[in-house]
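Enquirer: Can you read through this structure? Questions will come right after.
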Amino acid sequence: MTSSNSNSNKRQATRNKEWREKLTPEQYKIMREGGTEAPFSGEYVHTKDKGMYKCAACGNELFSSETKFDSGTGWPSFTEPKNKQNIELRIDKSDGMERVEVLCKKCGVHLGHVFDDGPSEKGGKRYCINSACLKLERSGK
């Protein structure tokens, strides 16, 4: 008979193996380990195309291109999520600072962080999201 802790460890190892098969190495590092892509390196940092930004891991609708803006920070930035029910916010005290982490509510992957330095006329939030975590479903093609 195995202990419940042993079974839990086996399930976690299976989930990690499945994530590694589904995601690229960069996506795994960011989405499963809470990493960050280098600034100005992501696919969507300068994209102006219209559409819906979805979670690259599960397809959950996250951000509309209508709320995307150029923050000058090097990562895609949005003033608000498409639906607040699709994201989870959690305090992140890693790297010697306290921030608010943004996760996909459906699959639990790390997406980025939200800051209080966005455009004041649009609510003052800046959702700073790694391109590797997103898949743009373009509209109007």
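Labeling convention for the structure tokens: chains A, B, ... as they appear, residues from 1 per chain, ligands from 1 in order of appearance.
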Within range 4-138 of chain A, find each residue whose DSSP state, derived from the backbone, is strand (DSSP E or B), and express the selection as a ChimeraX atom specification.

Expert: /A:51-55,61-64,68-69,77-78,87-92,99-104,110-115,126-129,134-138

Enquirer: I need the chosen residues saved as a tab-separated table (two decimals), in the first residue's frame, with N, CA and C atoms.

Expert:
chain	number	residue	atom	x	y	z
A	51	GLY	N	-8.00	41.33	-31.90
A	51	GLY	CA	-8.43	39.98	-31.59
A	51	GLY	C	-8.46	39.71	-30.10
A	52	MET	N	-8.50	38.42	-29.76
A	52	MET	CA	-8.59	37.98	-28.38
A	52	MET	C	-7.31	37.24	-28.00
A	53	TYR	N	-6.70	37.68	-26.91
A	53	TYR	CA	-5.53	37.00	-26.37
A	53	TYR	C	-6.01	35.91	-25.42
A	54	LYS	N	-5.62	34.68	-25.74
A	54	LYS	CA	-6.05	33.52	-24.96
A	54	LYS	C	-4.85	32.90	-24.26
A	55	CYS	N	-5.14	32.11	-23.24
A	55	CYS	CA	-4.09	31.37	-22.54
A	55	CYS	C	-3.48	30.36	-23.51
A	61	GLU	N	-10.09	32.66	-22.58
A	61	GLU	CA	-10.04	34.05	-23.04
A	61	GLU	C	-9.55	34.94	-21.91
A	62	LEU	N	-8.47	35.71	-22.17
A	62	LEU	CA	-7.85	36.51	-21.13
A	62	LEU	C	-7.96	38.01	-21.36
A	63	PHE	N	-7.50	38.49	-22.53
A	63	PHE	CA	-7.45	39.93	-22.78
A	63	PHE	C	-7.87	40.25	-24.21
A	64	SER	N	-8.63	41.32	-24.37
A	64	SER	CA	-9.00	41.82	-25.69
A	64	SER	C	-7.90	42.77	-26.18
A	68	LYS	N	-5.19	46.59	-24.93
A	68	LYS	CA	-3.73	46.53	-25.01
A	68	LYS	C	-3.17	47.93	-25.25
A	69	PHE	N	-2.05	48.24	-24.58
A	69	PHE	CA	-1.41	49.54	-24.78
A	69	PHE	C	0.10	49.40	-24.68
A	77	SER	N	1.04	44.77	-22.47
A	77	SER	CA	0.35	45.36	-21.32
A	77	SER	C	-1.10	45.63	-21.67
A	78	PHE	N	-1.97	45.38	-20.70
A	78	PHE	CA	-3.41	45.53	-20.87
A	78	PHE	C	-3.98	46.30	-19.68
A	87	ILE	N	-9.28	35.10	-14.65
A	87	ILE	CA	-7.95	35.22	-14.08
A	87	ILE	C	-8.02	35.11	-12.56
A	88	GLU	N	-6.89	34.79	-11.97
A	88	GLU	CA	-6.76	34.76	-10.52
A	88	GLU	C	-5.60	35.67	-10.15
A	89	LEU	N	-5.77	36.44	-9.10
A	89	LEU	CA	-4.71	37.31	-8.61
A	89	LEU	C	-4.21	36.77	-7.28
A	90	ARG	N	-2.88	36.78	-7.11
A	90	ARG	CA	-2.28	36.23	-5.90
A	90	ARG	C	-1.05	37.06	-5.53
A	91	ILE	N	-0.85	37.29	-4.24
A	91	ILE	CA	0.34	38.01	-3.77
A	91	ILE	C	1.58	37.17	-4.08
A	92	ASP	N	2.59	37.80	-4.66
A	92	ASP	CA	3.84	37.15	-5.03
A	92	ASP	C	4.98	37.88	-4.31
A	99	ARG	N	4.54	41.73	-5.20
A	99	ARG	CA	3.78	42.09	-6.39
A	99	ARG	C	2.49	41.29	-6.40
A	100	VAL	N	1.64	41.57	-7.37
A	100	VAL	CA	0.41	40.79	-7.55
A	100	VAL	C	0.57	39.97	-8.82
A	101	GLU	N	0.58	38.67	-8.64
A	101	GLU	CA	0.74	37.73	-9.75
A	101	GLU	C	-0.60	37.51	-10.44
A	102	VAL	N	-0.57	37.34	-11.76
A	102	VAL	CA	-1.76	37.03	-12.56
A	102	VAL	C	-1.63	35.60	-13.04
A	103	LEU	N	-2.66	34.79	-12.77
A	103	LEU	CA	-2.69	33.40	-13.20
A	103	LEU	C	-3.96	33.14	-14.01
A	104	CYS	N	-3.89	32.14	-14.88
A	104	CYS	CA	-5.09	31.70	-15.59
A	104	CYS	C	-5.96	30.93	-14.60
A	110	HIS	N	1.05	30.59	-14.49
A	110	HIS	CA	1.52	31.96	-14.29
A	110	HIS	C	1.49	32.69	-15.62
A	111	LEU	N	0.95	33.92	-15.61
A	111	LEU	CA	0.88	34.74	-16.82
A	111	LEU	C	1.77	35.97	-16.73
A	112	GLY	N	1.86	36.57	-15.56
A	112	GLY	CA	2.62	37.79	-15.37
A	112	GLY	C	2.22	38.45	-14.06
A	113	HIS	N	2.20	39.78	-14.05
A	113	HIS	CA	1.85	40.54	-12.84
A	113	HIS	C	0.99	41.74	-13.22
A	114	VAL	N	0.27	42.27	-12.23
A	114	VAL	CA	-0.52	43.49	-12.43
A	114	VAL	C	0.03	44.57	-11.51
A	115	PHE	N	0.15	45.77	-12.07
A	115	PHE	CA	0.71	46.92	-11.36
A	115	PHE	C	-0.28	48.08	-11.38
A	126	ARG	N	-2.05	48.05	-14.92
A	126	ARG	CA	-1.23	47.55	-16.03
A	126	ARG	C	-1.02	46.06	-15.81
A	127	TYR	N	-1.73	45.26	-16.60
A	127	TYR	CA	-1.53	43.82	-16.59
A	127	TYR	C	-0.36	43.53	-17.51
A	128	CYS	N	0.77	43.20	-16.91
A	128	CYS	CA	2.03	42.97	-17.63
A	128	CYS	C	2.16	41.47	-17.84
A	129	ILE	N	1.94	41.02	-19.07
A	129	ILE	CA	1.78	39.59	-19.36
A	129	ILE	C	2.86	39.11	-20.33
A	134	LEU	N	0.58	33.70	-24.04
A	134	LEU	CA	-0.57	34.13	-24.82
A	134	LEU	C	-0.61	33.52	-26.21
A	135	LYS	N	-1.80	33.40	-26.74
A	135	LYS	CA	-2.03	33.03	-28.13
A	135	LYS	C	-3.09	33.99	-28.65
A	136	LEU	N	-2.73	34.81	-29.64
A	136	LEU	CA	-3.66	35.78	-30.20
A	136	LEU	C	-4.54	35.13	-31.26
A	137	GLU	N	-5.85	35.15	-31.01
A	137	GLU	CA	-6.82	34.74	-32.01
A	137	GLU	C	-7.24	36.01	-32.72
A	138	ARG	N	-6.68	36.23	-33.90
A	138	ARG	CA	-6.92	37.46	-34.64
A	138	ARG	C	-8.34	37.51	-35.18

Enquirer: Using only C-alpha atoms, find each residue in range 57-111 of chain A having at least one atom no more than 8 Å away from range 15-39 of chain A; report its shortest atom-to-atom pair and that distance in Å (one decimal), rows by chain then rising number, as a Markdown table.

Expert:
| residue | atom | partner | partner_atom | distance |
| --- | --- | --- | --- | --- |
| A:Ala57 | CA | A:Leu23 | CA | 7.2 |
| A:Thr73 | CA | A:Pro39 | CA | 7.1 |
| A:Gly74 | CA | A:Pro39 | CA | 4.3 |
| A:Trp75 | CA | A:Pro39 | CA | 6.0 |
| A:Val109 | CA | A:Met31 | CA | 4.9 |
| A:His110 | CA | A:Met31 | CA | 4.5 |
| A:Leu111 | CA | A:Met31 | CA | 6.3 |

Enquirer: List as an mmCIF file with N, CA and C atoms, in the first residue's frame the protein and nucleic acid residues near Gly123 in chain A, meaning an atom at most 9 Å away when only C-alpha atoms are counted, but skip any in the same chain fewer than 5 places from it.

Expert:
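Writing done, so here's result.cif:
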data_model
loop_
_atom_site.group_PDB
_atom_site.id
_atom_site.type_symbol
_atom_site.label_atom_id
_atom_site.label_comp_id
_atom_site.auth_asym_id
_atom_site.auth_seq_id
_atom_site.Cartn_x
_atom_site.Cartn_y
_atom_site.Cartn_z
ATOM 1 N N THR A 79 -5.044 47.057 -19.902
ATOM 2 C CA THR A 79 -5.652 47.819 -18.812
ATOM 3 C C THR A 79 -6.609 46.983 -17.976
ATOM 4 N N GLU A 80 -7.146 45.912 -18.569
ATOM 5 C CA GLU A 80 -8.068 45.046 -17.832
ATOM 6 C C GLU A 80 -8.219 43.717 -18.560
ATOM 7 N N ASP A 116 -0.093 49.017 -10.473
ATOM 8 C CA ASP A 116 -0.977 50.178 -10.361
ATOM 9 C C ASP A 116 -0.443 51.398 -11.104
ATOM 10 N N GLY A 118 -0.845 51.842 -14.629
ATOM 11 C CA GLY A 118 -1.438 51.908 -15.962
ATOM 12 C C GLY A 118 -2.103 53.252 -16.196
#

Enquirer: Calculated over only C-alpha atoms, which of the candidates A:Lys106, A:Gly96, A:Pro119, A:Cys58 has the smallest distance to Asp70 in chain A?

Expert: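 Closest to Asp70 in chain A, using only C-alpha atoms: A:Pro119.
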